[in-house]
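Beneath this line is the structure, given in structure tokens, with notes to follow.
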Amino acid sequence: MLLLDSIFIGLLEASPLILAAMGFTLIFYLNGFMNIAYAESITFGAYFAILFNVVLGAHFYLAIVPSMLLSGALSVAVYLGIFRPALNRGVGPTEMIILSVGVSFLLRYGLILAVGPVNMFLNEPNITYLQFLGMGATNLQLVALVLVLIAAGTLYWMIYNTGLGEQMRGLANNHDLAMASGINPHRTSVAIWFIAGCAGGLSGIFSGVFAQVTPYMGWNVILITMLVTIVAGVGSVRGAVVAAVAAGILTAFITLVTKPLYAEVILLTMFIAVLTFRGARTA
Amino acid sequence: MDYLIFSFSLMLVYIGLAQLLHIQFGMAGIPNFGVVGFWGLGLYGTGVLYVTYDVPLFIAIAIASTLSAAVGYALALLVLQRSGQAVLAATLALSAIIATLIVSEKDITGGVQGLGTIKFPFGDMDGRNIVFMVFILIIVAALVWLSAKLRDSRMGRQLVAIRDNEELAASLGKDTASTKRWVFAVTCGMMGVLGGMSAPLHQFLVPYQLAPSLTFAVWIALVLGGKGHNLGAIVGVFVTFGLFDILIETYAPVPAEQAILLPNFKLFCYGLVLIMIIMFRPRGMLGEDKPKVRARPAEVEGVPHET
């Protein structure tokens, strides 16, 4: 019973994390650096939803699509404006991470200067509490879970079965060979950054509607996203999904058994342990 | 006046941390994103020993910083031979673990309610905060001098060799893994010392002080000043912390309603500066300095000349 509960709660809680980890992995795989500024894709997704849902008064489900697309557009803008010039200048992977911290600061504190440091709330659609087989969830959580599963499935299909996915994998593995085979690196990269931004935005919208929208929400999940991605192995989108689901279920399980605070400690310790023993397969 | 002394003391602590990061990252190439964790172990270790167990301040600092060094050594054993990105994530995770444990173990750390009060040493002497500041100044000056010595030494050249090509350094018969571990452990221990010295400065400890923003402030200062230059830490901290936290926050005529946004504006500017530096001057304001030793011909000790 405890096991079933933790799997169920874990899946519900992990659904935003799965999307975030997939998007983060895409960029990590394509460009070979950990983009800390991805946190802001998540945060801005939620704030775009605030714009459509609260300021403009659209229904929550209607606000999802434009907010997601805007988040993707922001991701592309950051890539074209900052990360692509930096990559062209030959900035190394560790310096790219520091650069992405700078971008993250710029966006996050720019946002705070623009909208103020207050927490905001999305207008949720009618919430009913459903129960089956002794387990309960709100309709919103179930919709989120289904939407995340659809989005994750689409993303997965795109990476492993479409031309774009093949081009991306080609560019990541051997940039010169991919270009010689006629792949346009520019177009592929823009597409990948757009998709990753959309995934992050969607993740932010759902974590925002479950709790609250704050300027720090992306930052709070980026560490766990980063660790999930590294543990999964560079650019393994399959691995990212598995690791994100495992992290969610594990957190739920430990939280049910002990204090919530210990769940984080145990999870992070396990991540360090995995980094130690996975050896060469880590980043 | 007291506030200014507090700010200067804190600035010295930042310079010390950035100097140690210069050794870790600038020389040995270890991206430590858990600076606040090692500093925090020193800070809270000292606080807990002093307040809960009545240990004298300087002994508490010594024990707490030994703990920092031990944790640094243990982490080094686990992940230091992995890639830079893995080290970065692991150190960041460690600092998150430490911050969470400080909150959860509230029986000894006071949890979110905080822990206090940690008094300055030297009893009721007048100007004891100034004496304490001079004390920190001596420690930080010693650190700067020592890292210049390290740069010019055989050990320093070995660290640079490890940073640039660890396989090559190892193939020349250097025990690179062990060197990195010890350098990392000792510098983490020194971060603990600076943490312990910060305890009487803050007097009252709250878990909020262990937020990762300290790590990033130190990183930004070092990258800005020049991660490979021995004076990069000093210049970087003066330009960031000195300019924003001391000059602008104390003296700039900002109306009260805007003043609450000032820290956010500061971090916004930090982000902008960081982007500019990495894009246009990746080695920082000062660039890199070379070891001050002349090249010597290799000599083999203990082998008699054949005539």
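Each chain in the structure tokens gets a letter, A, B, ..., in the order shown, and its residues are numbered from 1; ligands are numbered from 1 in order too.
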
Report the residues of stretch 80-118 of chain B whose backbone DSSP state falls under alpha helix (DSSP H), written as a ChimeraX atom specification.
-> /B:84-104,106-109

Counting only C-alpha atoms, give me one row per residue of chain A with an atom at most 9 Å from an atom of chain B, showing the shortest contact pair and its distance in Å to one decimal, sorted by chain then residue number, as CSV.
residue,atom,partner,partner_atom,distance
A:Phe33,CA,B:Gln85,CA,8.2
A:Met34,CA,B:Gln85,CA,7.7
A:Ile82,CA,B:Ile275,CA,8.1
A:Pro85,CA,B:Met279,CA,8.1
A:Ala86,CA,B:Met279,CA,6.1
A:Arg89,CA,B:Met279,CA,7.8
A:Val91,CA,B:Ile278,CA,7.8
A:Pro93,CA,B:Gln85,CA,8.1
A:Thr94,CA,B:Gln85,CA,7.0
A:Glu95,CA,B:Ile278,CA,7.1
A:Met96,CA,B:Ile278,CA,8.2
A:Ile97,CA,B:Gln85,CA,8.7
A:Ile98,CA,B:Leu274,CA,7.8
A:Leu99,CA,B:Ile275,CA,5.6
A:Ser100,CA,B:Ile275,CA,8.1
A:Val101,CA,B:Gly271,CA,7.3
A:Gly102,CA,B:Gly271,CA,3.9
A:Val103,CA,B:Gly271,CA,5.9
A:Ser104,CA,B:Gly271,CA,7.2
A:Phe105,CA,B:Gly271,CA,4.8
A:Leu106,CA,B:Gly271,CA,4.7
A:Leu107,CA,B:Phe268,CA,7.6
A:Arg108,CA,B:Phe268,CA,7.7
A:Tyr109,CA,B:Phe268,CA,5.0
A:Gly110,CA,B:Phe268,CA,6.1
A:Ile112,CA,B:Asn264,CA,7.1
A:Leu113,CA,B:Leu261,CA,6.9
A:Gly116,CA,B:Leu261,CA,8.2
A:Pro117,CA,B:Leu261,CA,8.4
A:Leu223,CA,B:Ala93,CA,7.3
A:Ile224,CA,B:Ala93,CA,8.6
A:Met226,CA,B:Ala89,CA,7.2
A:Leu227,CA,B:Ala89,CA,6.6
A:Ile230,CA,B:Ala86,CA,7.1
A:Lys259,CA,B:Ser104,CA,8.8
A:Leu261,CA,B:Ser104,CA,6.5
A:Tyr262,CA,B:Ser104,CA,7.7
A:Glu264,CA,B:Ile97,CA,7.5
A:Val265,CA,B:Ile97,CA,5.2
A:Ile266,CA,B:Ile97,CA,8.5
A:Leu268,CA,B:Ala93,CA,6.0
A:Thr269,CA,B:Ile97,CA,7.7
A:Phe271,CA,B:Ala90,CA,7.9
A:Ile272,CA,B:Ala90,CA,5.8
A:Ala273,CA,B:Leu78,CA,7.6
A:Leu275,CA,B:Val79,CA,6.8
A:Thr276,CA,B:Leu78,CA,5.3
A:Phe277,CA,B:Leu78,CA,8.4
A:Gly279,CA,B:Arg82,CA,6.9
A:Ala280,CA,B:Arg82,CA,7.4
A:Thr282,CA,B:Ala86,CA,7.2
A:Ala283,CA,B:Ser83,CA,6.3

Per DSSP on the backbone, filter stretch 25-142 of chain A down to the residues in strand (DSSP E) and report them as a PyMOL selection string.
-> chain A and resi 129-132+135-138

Write the selection just made, keeping N, CA and C atoms, as a PDB file, in the first residue's frame?
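Wrote out_29.pdb, looks like this:
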ATOM      1  N   TYR A 129     -12.396  16.773  -6.129  1.00  0.00           N
ATOM      2  CA  TYR A 129     -11.499  15.761  -5.600  1.00  0.00           C
ATOM      3  C   TYR A 129     -12.042  14.405  -6.007  1.00  0.00           C
ATOM      4  N   LEU A 130     -11.287  13.674  -6.753  1.00  0.00           N
ATOM      5  CA  LEU A 130     -11.739  12.370  -7.233  1.00  0.00           C
ATOM      6  C   LEU A 130     -11.047  11.289  -6.424  1.00  0.00           C
ATOM      7  N   GLN A 131     -11.745  10.164  -6.314  1.00  0.00           N
ATOM      8  CA  GLN A 131     -11.161   9.088  -5.549  1.00  0.00           C
ATOM      9  C   GLN A 131     -11.449   7.769  -6.237  1.00  0.00           C
ATOM     10  N   PHE A 132     -10.430   6.963  -6.376  1.00  0.00           N
ATOM     11  CA  PHE A 132     -10.680   5.606  -6.866  1.00  0.00           C
ATOM     12  C   PHE A 132      -9.616   4.676  -6.311  1.00  0.00           C
ATOM     13  N   MET A 135      -7.223   5.827  -3.634  1.00  0.00           N
ATOM     14  CA  MET A 135      -6.255   6.897  -3.822  1.00  0.00           C
ATOM     15  C   MET A 135      -6.963   8.132  -4.354  1.00  0.00           C
ATOM     16  N   GLY A 136      -6.592   9.288  -3.843  1.00  0.00           N
ATOM     17  CA  GLY A 136      -7.282  10.499  -4.237  1.00  0.00           C
ATOM     18  C   GLY A 136      -6.398  11.454  -4.993  1.00  0.00           C
ATOM     19  N   ALA A 137      -7.022  12.224  -5.880  1.00  0.00           N
ATOM     20  CA  ALA A 137      -6.288  13.264  -6.584  1.00  0.00           C
ATOM     21  C   ALA A 137      -7.316  14.265  -7.084  1.00  0.00           C
ATOM     22  N   THR A 138      -6.904  15.492  -7.332  1.00  0.00           N
ATOM     23  CA  THR A 138      -7.848  16.447  -7.899  1.00  0.00           C
ATOM     24  C   THR A 138      -7.886  16.259  -9.410  1.00  0.00           C
TER      25      THR A 138
END

If we count only C-alpha atoms, what is near B:Asp2 at a cut-off of 10 Å, once residues fewer than 5 positions away on the same chain are taken out, given as a PyMOL selection string?
-> chain B and resi 7-8+127+129-130

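Residue neighbourhood of B:Leu57, excluding near-sequence residues (fewer than 5 positions): Thr46, Tyr50 and Pro121 of chain B, at 8 Å, using only C-alpha atoms.
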
Between atom CA of A:Met270 and atom CA of B:Tyr208, what is the spacing in Å?
->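 Atom-to-atom, atom CA of B:Tyr208 and atom CA of A:Met270 are spaced 24.5 Å apart.
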